[in-house]
>>> print(open('input21.cif').read())   # mmCIF, C-alpha atoms
data_final
#
loop_
_atom_site.label_atom_id
_atom_site.label_comp_id
_atom_site.auth_asym_id
_atom_site.auth_seq_id
_atom_site.Cartn_x
_atom_site.Cartn_y
_atom_site.Cartn_z
CA MET A 3 0.00 0.00 0.00
CA PHE A 4 2.86 2.38 0.85
CA LEU A 5 4.57 1.64 -2.48
CA GLN A 6 1.29 2.23 -4.29
CA ARG A 7 0.89 5.66 -2.67
CA ILE A 8 4.48 6.62 -3.47
CA THR A 9 4.07 5.42 -7.05
CA GLU A 10 0.84 7.36 -7.53
CA THR A 11 2.40 10.52 -6.05
CA ALA A 12 5.48 10.23 -8.25
CA TRP A 13 3.37 9.59 -11.34
CA THR A 14 1.15 12.60 -10.62
CA LEU A 15 4.23 14.78 -10.16
CA SER A 16 5.79 13.55 -13.41
CA GLN A 17 2.55 14.11 -15.32
CA GLU A 18 2.29 17.67 -14.01
CA MET A 19 5.85 18.26 -15.19
CA TYR A 20 5.06 16.72 -18.55
CA ASP A 21 1.95 18.86 -19.03
CA LYS A 22 4.03 21.97 -18.34
CA GLY A 23 6.65 20.94 -20.90
CA LYS A 24 9.30 20.18 -18.26
CA PHE A 25 10.38 17.05 -20.04
CA SER A 26 13.84 16.68 -18.51
CA ASP A 27 12.45 16.92 -14.97
CA CYS A 28 9.65 14.54 -15.89
CA LEU A 29 12.17 12.06 -17.29
CA LEU A 30 14.20 12.12 -14.07
CA VAL A 31 11.15 11.34 -11.94
CA ARG A 32 9.98 8.56 -14.26
CA GLU A 33 13.43 6.96 -14.37
CA HIS A 34 13.60 6.90 -10.56
CA LEU A 35 10.10 5.44 -10.48
CA LEU A 36 11.09 2.75 -13.00
CA THR A 37 14.14 1.79 -10.95
CA ALA A 38 11.96 1.40 -7.85
CA MET A 39 9.44 -0.77 -9.72
CA GLN A 40 12.22 -2.96 -11.14
CA HIS A 41 13.59 -3.44 -7.63
CA VAL A 42 10.20 -4.50 -6.26
CA PHE A 43 8.66 -6.39 -9.19
CA GLY A 44 11.67 -7.48 -11.24
CA HIS A 45 12.44 -6.48 -14.81
CA GLU A 46 9.71 -8.49 -16.57
CA HIS A 47 6.59 -7.15 -14.84
CA THR A 48 3.85 -5.37 -16.81
CA ASP A 49 4.09 -2.33 -14.49
CA VAL A 50 7.74 -2.07 -15.50
CA ALA A 51 6.70 -2.26 -19.16
CA ALA A 52 4.23 0.59 -18.58
CA GLY A 53 7.03 2.60 -16.95
CA LEU A 54 9.27 1.98 -19.95
CA ASP A 55 6.52 3.15 -22.31
CA ASN A 56 6.04 6.32 -20.25
CA ILE A 57 9.78 7.06 -20.39
CA GLY A 58 9.80 6.42 -24.13
CA VAL A 59 7.09 9.06 -24.59
CA VAL A 60 9.28 11.65 -22.86
CA TYR A 61 12.37 10.70 -24.86
CA ARG A 62 10.35 11.24 -28.04
CA ASP A 63 9.30 14.69 -26.89
CA LEU A 64 12.94 15.47 -26.13
CA GLY A 65 13.85 14.44 -29.68
CA LYS A 66 15.87 11.43 -28.48
CA LEU A 67 14.31 9.00 -30.92
CA PRO A 68 16.71 6.03 -30.65
CA GLU A 69 16.29 6.06 -26.87
CA ALA A 70 12.52 6.34 -27.23
CA LEU A 71 12.41 3.41 -29.65
CA ALA A 72 14.53 1.26 -27.33
CA LYS A 73 12.21 1.88 -24.38
CA HIS A 74 9.04 1.19 -26.36
CA ASP A 75 10.55 -1.95 -27.91
CA GLU A 76 11.47 -3.26 -24.47
CA ALA A 77 7.98 -2.46 -23.18
CA LEU A 78 6.43 -4.27 -26.14
CA ARG A 79 8.56 -7.35 -25.51
CA ILE A 80 7.52 -7.50 -21.84
CA PHE A 81 3.84 -6.94 -22.59
CA ARG A 82 3.83 -9.66 -25.26
CA SER A 83 5.67 -12.07 -22.97
CA ASN A 84 3.15 -11.55 -20.16
CA LEU A 85 -0.10 -10.80 -21.95
CA GLY A 86 0.12 -12.29 -25.44
CA ASP A 87 0.12 -10.62 -28.84
CA ASP A 88 -3.42 -9.21 -28.81
CA HIS A 89 -3.68 -7.32 -25.52
CA ILE A 90 -4.61 -3.64 -25.50
CA ASP A 91 -1.35 -2.79 -23.69
CA VAL A 92 0.49 -4.35 -26.63
CA ALA A 93 -1.50 -2.08 -28.94
CA LYS A 94 -0.48 0.97 -26.90
CA SER A 95 3.20 0.10 -27.24
CA LEU A 96 2.77 -0.54 -30.96
CA ASP A 97 1.17 2.88 -31.41
CA ASN A 98 4.04 4.50 -29.50
CA ILE A 99 6.58 2.71 -31.68
CA GLY A 100 4.71 3.85 -34.77
CA LEU A 101 4.95 7.46 -33.63
CA VAL A 102 8.72 7.16 -33.24
CA TYR A 103 9.14 5.52 -36.64
CA ARG A 104 7.11 8.36 -38.18
CA ASP A 105 9.42 10.91 -36.58
CA LEU A 106 12.40 8.93 -37.90
CA GLY A 107 10.92 9.07 -41.41
CA ASN A 108 10.36 5.31 -41.63
CA LEU A 109 6.77 5.65 -42.79
CA ALA A 110 6.28 2.07 -43.94
CA GLU A 111 7.23 0.74 -40.50
CA ALA A 112 5.15 3.42 -38.79
CA LEU A 113 2.09 2.44 -40.82
CA ALA A 114 2.61 -1.24 -40.07
CA LYS A 115 2.76 -0.61 -36.31
CA HIS A 116 -0.29 1.65 -36.28
CA ASP A 117 -2.25 -0.81 -38.41
CA GLU A 118 -1.42 -3.64 -36.00
CA ALA A 119 -2.42 -1.49 -33.03
CA LEU A 120 -5.71 -0.60 -34.76
CA ARG A 121 -6.46 -4.28 -35.45
CA ILE A 122 -5.96 -5.19 -31.80
CA ARG A 123 -7.99 -2.28 -30.50
CA ARG A 124 -10.90 -2.96 -32.82
CA SER A 125 -10.82 -6.63 -31.84
CA LYS A 126 -10.77 -5.94 -28.11
CA LEU A 127 -12.65 -2.65 -27.79
CA GLY A 128 -14.98 -2.44 -30.78
CA ASP A 129 -15.03 -0.05 -33.72
CA ASP A 130 -16.15 3.05 -31.83
CA HIS A 131 -13.73 3.25 -28.90
CA THR A 132 -11.64 6.37 -28.35
CA ASP A 133 -8.44 4.30 -28.47
CA VAL A 134 -9.49 3.18 -31.95
CA ALA A 135 -9.88 6.85 -32.86
CA ALA A 136 -6.34 7.52 -31.60
CA SER A 137 -4.93 4.82 -33.88
CA LEU A 138 -6.96 6.13 -36.81
CA ASP A 139 -5.58 9.63 -36.27
CA ASN A 140 -2.04 8.25 -36.16
CA ILE A 141 -2.61 6.33 -39.37
CA GLY A 142 -4.03 9.46 -40.96
CA LEU A 143 -0.87 11.38 -40.07
CA VAL A 144 1.28 8.73 -41.76
CA TYR A 145 -0.87 8.76 -44.89
CA GLY A 146 -0.52 12.53 -44.93
CA ASN A 147 3.27 12.19 -44.80
CA LEU A 148 3.06 9.66 -47.63
CA GLY A 149 1.07 12.14 -49.73
CA ASN A 150 -2.04 9.94 -49.77
CA LEU A 151 -4.33 12.81 -48.79
CA PRO A 152 -7.72 11.20 -49.53
CA GLU A 153 -6.84 8.27 -47.27
CA ALA A 154 -5.49 10.62 -44.60
CA LEU A 155 -8.71 12.64 -44.67
CA ALA A 156 -10.83 9.49 -44.40
CA LYS A 157 -8.93 8.29 -41.31
CA HIS A 158 -9.07 11.66 -39.56
CA ASN A 159 -12.78 12.04 -40.31
CA GLU A 160 -13.47 8.58 -38.89
CA ALA A 161 -11.47 9.47 -35.78
CA LEU A 162 -13.40 12.73 -35.45
CA ARG A 163 -16.74 10.93 -35.73
CA ILE A 164 -15.81 8.51 -32.95
CA ARG A 165 -14.47 11.21 -30.68
CA ARG A 166 -17.52 13.43 -31.10
CA SER A 167 -19.78 10.45 -30.45
CA LYS A 168 -17.94 9.38 -27.29
CA LEU A 169 -16.56 12.65 -25.92
CA GLY A 170 -18.86 15.39 -27.16
CA ASP A 171 -18.17 18.29 -29.49
CA ASP A 172 -15.94 20.31 -27.15
CA HIS A 173 -13.30 17.80 -26.03
CA ILE A 174 -9.63 18.52 -26.71
CA ASP A 175 -9.24 15.21 -28.58
CA VAL A 176 -11.97 16.43 -30.94
CA ALA A 177 -9.89 19.58 -31.43
CA LYS A 178 -6.83 17.48 -32.26
CA SER A 179 -8.73 15.62 -34.98
CA LEU A 180 -10.07 18.91 -36.35
CA ASP A 181 -6.53 20.29 -36.50
CA ASN A 182 -5.36 17.19 -38.37
CA ILE A 183 -8.23 17.51 -40.84
CA GLY A 184 -7.34 21.16 -41.32
CA LEU A 185 -3.78 20.21 -42.24
CA VAL A 186 -5.01 17.79 -44.88
CA TYR A 187 -7.37 20.35 -46.39
CA ARG A 188 -4.46 22.79 -46.49
CA ASP A 189 -2.36 20.29 -48.40
CA LEU A 190 -5.30 19.66 -50.74
CA GLY A 191 -5.44 23.40 -51.45
CA ASN A 192 -8.86 23.85 -49.83
CA LEU A 193 -7.78 26.73 -47.63
CA ALA A 194 -11.26 27.90 -46.66
CA GLU A 195 -12.11 24.47 -45.24
CA ALA A 196 -8.70 24.25 -43.58
CA LEU A 197 -9.24 27.59 -41.86
CA ALA A 198 -12.69 26.56 -40.67
CA LYS A 199 -11.34 23.37 -39.07
CA HIS A 200 -8.42 25.14 -37.40
CA ASP A 201 -10.72 27.90 -36.11
CA GLU A 202 -13.06 25.32 -34.59
CA ALA A 203 -10.11 23.50 -33.02
CA LEU A 204 -8.77 26.76 -31.60
CA ARG A 205 -12.12 27.57 -30.02
CA ILE A 206 -12.19 24.18 -28.29
CA PHE A 207 -8.57 24.44 -27.13
CA ARG A 208 -9.20 27.90 -25.67
CA SER A 209 -12.37 26.83 -23.89
CA ASN A 210 -10.59 23.86 -22.30
CA LEU A 211 -7.05 25.10 -21.78
CA GLY A 212 -7.20 28.90 -21.75
CA ASP A 213 -5.48 31.40 -24.01
CA ASP A 214 -1.87 30.75 -22.93
CA HIS A 215 -1.52 26.96 -23.34
CA ILE A 216 1.07 25.61 -25.79
CA ASP A 217 -1.61 23.77 -27.83
#
>>> encode(input="input21.cif", output="structure tokens")
Amino acid sequence: MFLQRITETAWTLSQEMYDKGKFSDCLLVREHLLTAMQHVFGHEHTDVAAGLDNIGVVYRDLGKLPEALAKHDEALRIFRSNLGDDHIDVAKSLDNIGLVYRDLGNLAEALAKHDEALRIRRSKLGDDHTDVAASLDNIGLVYGNLGNLPEALAKHNEALRIRRSKLGDDHIDVAKSLDNIGLVYRDLGNLAEALAKHDEALRIFRSNLGDDHID
């Protein structure tokens, strides 16, 4: 119970740091937390895998992509070893790996990881879950990078539909999908539609986060 309280406190602190963009401080806290979990649970526990995934996310935001990929790969290995190939935690690691591969410019590998994550999430959660929407948005971003704009738009629109259905019209994840759709319309040359989507996203961000947030 004591370890659980300490873990929850440390996680809350690290998340507050992350939300404020203090990635180096966040990384330090999460690495200490991971070391403690490895000491208590061993190196092959699913909580350790979750800690590795959380560290990988911070490394990606710091631009340290090889380190991020290593952490997510290790997390994926542990999750698969403990939970099998089709668990939702496996899908989360796959999506994280896909994001890193996209940043590295390896779009084929990014698409493969996101597609696998989407398959698992649809199988376990159904077609209209918000985690499915997250994978669809990630796939849309890759298609956008590949120049397949109609496919990118279709994925982002599907993600938007799910998020509006599950979260309402004014959720920040809805705003993220709207922003992504706006980027595709921009690349398609439909600037009026792009501006409309970005304006709607901005309104939602401001209503949820205030005028001075980085988003």
>>> resolve_selection(input="input21.cif", expression="the PyMOL selection byres ((chain A and resi 182-189) around 9)", output="PDB file with C-alpha atoms, in the frame of the given file")
ATOM      1  CA  ASP A 139      -5.580   9.630 -36.270  1.00  0.00           C
ATOM      2  CA  GLY A 142      -4.030   9.460 -40.960  1.00  0.00           C
ATOM      3  CA  LEU A 143      -0.870  11.380 -40.070  1.00  0.00           C
ATOM      4  CA  GLY A 146      -0.520  12.530 -44.930  1.00  0.00           C
ATOM      5  CA  GLY A 149       1.070  12.140 -49.730  1.00  0.00           C
ATOM      6  CA  LEU A 151      -4.330  12.810 -48.790  1.00  0.00           C
ATOM      7  CA  PRO A 152      -7.720  11.200 -49.530  1.00  0.00           C
ATOM      8  CA  ALA A 154      -5.490  10.620 -44.600  1.00  0.00           C
ATOM      9  CA  LEU A 155      -8.710  12.640 -44.670  1.00  0.00           C
ATOM     10  CA  HIS A 158      -9.070  11.660 -39.560  1.00  0.00           C
ATOM     11  CA  ASN A 159     -12.780  12.040 -40.310  1.00  0.00           C
ATOM     12  CA  LEU A 162     -13.400  12.730 -35.450  1.00  0.00           C
ATOM     13  CA  ALA A 177      -9.890  19.580 -31.430  1.00  0.00           C
ATOM     14  CA  LYS A 178      -6.830  17.480 -32.260  1.00  0.00           C
ATOM     15  CA  SER A 179      -8.730  15.620 -34.980  1.00  0.00           C
ATOM     16  CA  LEU A 180     -10.070  18.910 -36.350  1.00  0.00           C
ATOM     17  CA  ASP A 181      -6.530  20.290 -36.500  1.00  0.00           C
ATOM     18  CA  LEU A 190      -5.300  19.660 -50.740  1.00  0.00           C
ATOM     19  CA  GLY A 191      -5.440  23.400 -51.450  1.00  0.00           C
ATOM     20  CA  ASN A 192      -8.860  23.850 -49.830  1.00  0.00           C
ATOM     21  CA  LEU A 193      -7.780  26.730 -47.630  1.00  0.00           C
ATOM     22  CA  ALA A 194     -11.260  27.900 -46.660  1.00  0.00           C
ATOM     23  CA  GLU A 195     -12.110  24.470 -45.240  1.00  0.00           C
ATOM     24  CA  ALA A 196      -8.700  24.250 -43.580  1.00  0.00           C
ATOM     25  CA  LEU A 197      -9.240  27.590 -41.860  1.00  0.00           C
ATOM     26  CA  ALA A 198     -12.690  26.560 -40.670  1.00  0.00           C
ATOM     27  CA  LYS A 199     -11.340  23.370 -39.070  1.00  0.00           C
ATOM     28  CA  HIS A 200      -8.420  25.140 -37.400  1.00  0.00           C
TER      29      HIS A 200
END
>>> resolve_selection(input="input21.cif", expression="the PyMOL selection byres ((chain A and resi 80) around 9)", output="MDAnalysis selection string")
chainID A and resid 45:48 50:51 75:79 81:85
>>> closest_atom_pairs(input="input21.cif", of="region 130-213 of chain A", to="region 103-117 of chain A", cutoff="7 Å", atoms="only C-alpha atoms", output="JSON lines")
{"residue": "A:Ser137", "atom": "CA", "partner": "A:His116", "partner_atom": "CA", "distance": 6.1}
{"residue": "A:Asn140", "atom": "CA", "partner": "A:His116", "partner_atom": "CA", "distance": 6.8}
{"residue": "A:Ile141", "atom": "CA", "partner": "A:His116", "partner_atom": "CA", "distance": 6.1}
{"residue": "A:Val144", "atom": "CA", "partner": "A:Leu109", "partner_atom": "CA", "distance": 6.4}
>>> resolve_selection(input="input21.cif", expression="the PyMOL selection byres ((chain A and resi 121-123) around 9)", output="list in words")
Asp87, Asp88, His89, Ile90, Val92, Ala93, Lys94, His116, Asp117, Glu118, Ala119, Leu120, Arg124, Ser125, Lys126, Leu127, Gly128, Asp129, His131, Asp133, Val134 and Ser137 of chain A
>>> write_last_selection(input="input21.cif", atoms="C-alpha atoms", output="short mmCIF file (atom, residue, chain, number, x, y, z; two decimals), in the coordinates of the input")
data_model
loop_
_atom_site.label_atom_id
_atom_site.label_comp_id
_atom_site.auth_asym_id
_atom_site.auth_seq_id
_atom_site.Cartn_x
_atom_site.Cartn_y
_atom_site.Cartn_z
CA ASP A 87 0.12 -10.62 -28.84
CA ASP A 88 -3.42 -9.21 -28.81
CA HIS A 89 -3.68 -7.32 -25.52
CA ILE A 90 -4.61 -3.64 -25.50
CA VAL A 92 0.49 -4.35 -26.63
CA ALA A 93 -1.50 -2.08 -28.94
CA LYS A 94 -0.48 0.97 -26.90
CA HIS A 116 -0.29 1.65 -36.28
CA ASP A 117 -2.25 -0.81 -38.41
CA GLU A 118 -1.42 -3.64 -36.00
CA ALA A 119 -2.42 -1.49 -33.03
CA LEU A 120 -5.71 -0.60 -34.76
CA ARG A 124 -10.90 -2.96 -32.82
CA SER A 125 -10.82 -6.63 -31.84
CA LYS A 126 -10.77 -5.94 -28.11
CA LEU A 127 -12.65 -2.65 -27.79
CA GLY A 128 -14.98 -2.44 -30.78
CA ASP A 129 -15.03 -0.05 -33.72
CA HIS A 131 -13.73 3.25 -28.90
CA ASP A 133 -8.44 4.30 -28.47
CA VAL A 134 -9.49 3.18 -31.95
CA SER A 137 -4.93 4.82 -33.88
#
>>> atom_distance(input="input21.cif", atom1="CA of Arg163 (chain A)", atom2="CA of Ile206 (chain A)")
15.9 Å
>>> decode(input="input21.cif", residues="region 100-161 of chain A", atoms="C-alpha atoms", output="PDB file, in the first residue's frame")
ATOM      1  CA  GLY A 100       4.709   3.846 -34.772  1.00  0.00           C
ATOM      2  CA  LEU A 101       4.949   7.460 -33.627  1.00  0.00           C
ATOM      3  CA  VAL A 102       8.717   7.164 -33.242  1.00  0.00           C
ATOM      4  CA  TYR A 103       9.141   5.519 -36.635  1.00  0.00           C
ATOM      5  CA  ARG A 104       7.108   8.356 -38.178  1.00  0.00           C
ATOM      6  CA  ASP A 105       9.425  10.912 -36.581  1.00  0.00           C
ATOM      7  CA  LEU A 106      12.403   8.931 -37.901  1.00  0.00           C
ATOM      8  CA  GLY A 107      10.921   9.074 -41.412  1.00  0.00           C
ATOM      9  CA  ASN A 108      10.363   5.310 -41.626  1.00  0.00           C
ATOM     10  CA  LEU A 109       6.773   5.654 -42.786  1.00  0.00           C
ATOM     11  CA  ALA A 110       6.285   2.066 -43.942  1.00  0.00           C
ATOM     12  CA  GLU A 111       7.228   0.738 -40.502  1.00  0.00           C
ATOM     13  CA  ALA A 112       5.148   3.419 -38.793  1.00  0.00           C
ATOM     14  CA  LEU A 113       2.086   2.441 -40.819  1.00  0.00           C
ATOM     15  CA  ALA A 114       2.612  -1.244 -40.068  1.00  0.00           C
ATOM     16  CA  LYS A 115       2.763  -0.614 -36.314  1.00  0.00           C
ATOM     17  CA  HIS A 116      -0.292   1.651 -36.277  1.00  0.00           C
ATOM     18  CA  ASP A 117      -2.254  -0.812 -38.412  1.00  0.00           C
ATOM     19  CA  GLU A 118      -1.418  -3.638 -36.001  1.00  0.00           C
ATOM     20  CA  ALA A 119      -2.424  -1.485 -33.034  1.00  0.00           C
ATOM     21  CA  LEU A 120      -5.705  -0.601 -34.761  1.00  0.00           C
ATOM     22  CA  ARG A 121      -6.462  -4.281 -35.450  1.00  0.00           C
ATOM     23  CA  ILE A 122      -5.957  -5.195 -31.795  1.00  0.00           C
ATOM     24  CA  ARG A 123      -7.989  -2.281 -30.500  1.00  0.00           C
ATOM     25  CA  ARG A 124     -10.904  -2.961 -32.825  1.00  0.00           C
ATOM     26  CA  SER A 125     -10.823  -6.627 -31.844  1.00  0.00           C
ATOM     27  CA  LYS A 126     -10.769  -5.938 -28.110  1.00  0.00           C
ATOM     28  CA  LEU A 127     -12.650  -2.647 -27.793  1.00  0.00           C
ATOM     29  CA  GLY A 128     -14.980  -2.440 -30.781  1.00  0.00           C
ATOM     30  CA  ASP A 129     -15.026  -0.051 -33.722  1.00  0.00           C
ATOM     31  CA  ASP A 130     -16.152   3.054 -31.828  1.00  0.00           C
ATOM     32  CA  HIS A 131     -13.729   3.251 -28.899  1.00  0.00           C
ATOM     33  CA  THR A 132     -11.640   6.371 -28.349  1.00  0.00           C
ATOM     34  CA  ASP A 133      -8.439   4.295 -28.475  1.00  0.00           C
ATOM     35  CA  VAL A 134      -9.485   3.178 -31.952  1.00  0.00           C
ATOM     36  CA  ALA A 135      -9.878   6.845 -32.856  1.00  0.00           C
ATOM     37  CA  ALA A 136      -6.337   7.525 -31.601  1.00  0.00           C
ATOM     38  CA  SER A 137      -4.932   4.823 -33.878  1.00  0.00           C
ATOM     39  CA  LEU A 138      -6.964   6.129 -36.812  1.00  0.00           C
ATOM     40  CA  ASP A 139      -5.584   9.633 -36.273  1.00  0.00           C
ATOM     41  CA  ASN A 140      -2.042   8.254 -36.155  1.00  0.00           C
ATOM     42  CA  ILE A 141      -2.610   6.327 -39.375  1.00  0.00           C
ATOM     43  CA  GLY A 142      -4.027   9.459 -40.956  1.00  0.00           C
ATOM     44  CA  LEU A 143      -0.874  11.379 -40.070  1.00  0.00           C
ATOM     45  CA  VAL A 144       1.281   8.733 -41.762  1.00  0.00           C
ATOM     46  CA  TYR A 145      -0.874   8.760 -44.888  1.00  0.00           C
ATOM     47  CA  GLY A 146      -0.518  12.531 -44.925  1.00  0.00           C
ATOM     48  CA  ASN A 147       3.267  12.193 -44.799  1.00  0.00           C
ATOM     49  CA  LEU A 148       3.065   9.655 -47.630  1.00  0.00           C
ATOM     50  CA  GLY A 149       1.067  12.136 -49.725  1.00  0.00           C
ATOM     51  CA  ASN A 150      -2.043   9.943 -49.768  1.00  0.00           C
ATOM     52  CA  LEU A 151      -4.329  12.815 -48.792  1.00  0.00           C
ATOM     53  CA  PRO A 152      -7.723  11.203 -49.532  1.00  0.00           C
ATOM     54  CA  GLU A 153      -6.838   8.275 -47.267  1.00  0.00           C
ATOM     55  CA  ALA A 154      -5.490  10.625 -44.605  1.00  0.00           C
ATOM     56  CA  LEU A 155      -8.710  12.641 -44.673  1.00  0.00           C
ATOM     57  CA  ALA A 156     -10.829   9.494 -44.404  1.00  0.00           C
ATOM     58  CA  LYS A 157      -8.926   8.294 -41.312  1.00  0.00           C
ATOM     59  CA  HIS A 158      -9.069  11.657 -39.562  1.00  0.00           C
ATOM     60  CA  ASN A 159     -12.781  12.039 -40.313  1.00  0.00           C
ATOM     61  CA  GLU A 160     -13.467   8.577 -38.885  1.00  0.00           C
ATOM     62  CA  ALA A 161     -11.471   9.469 -35.780  1.00  0.00           C
TER      63      ALA A 161
END
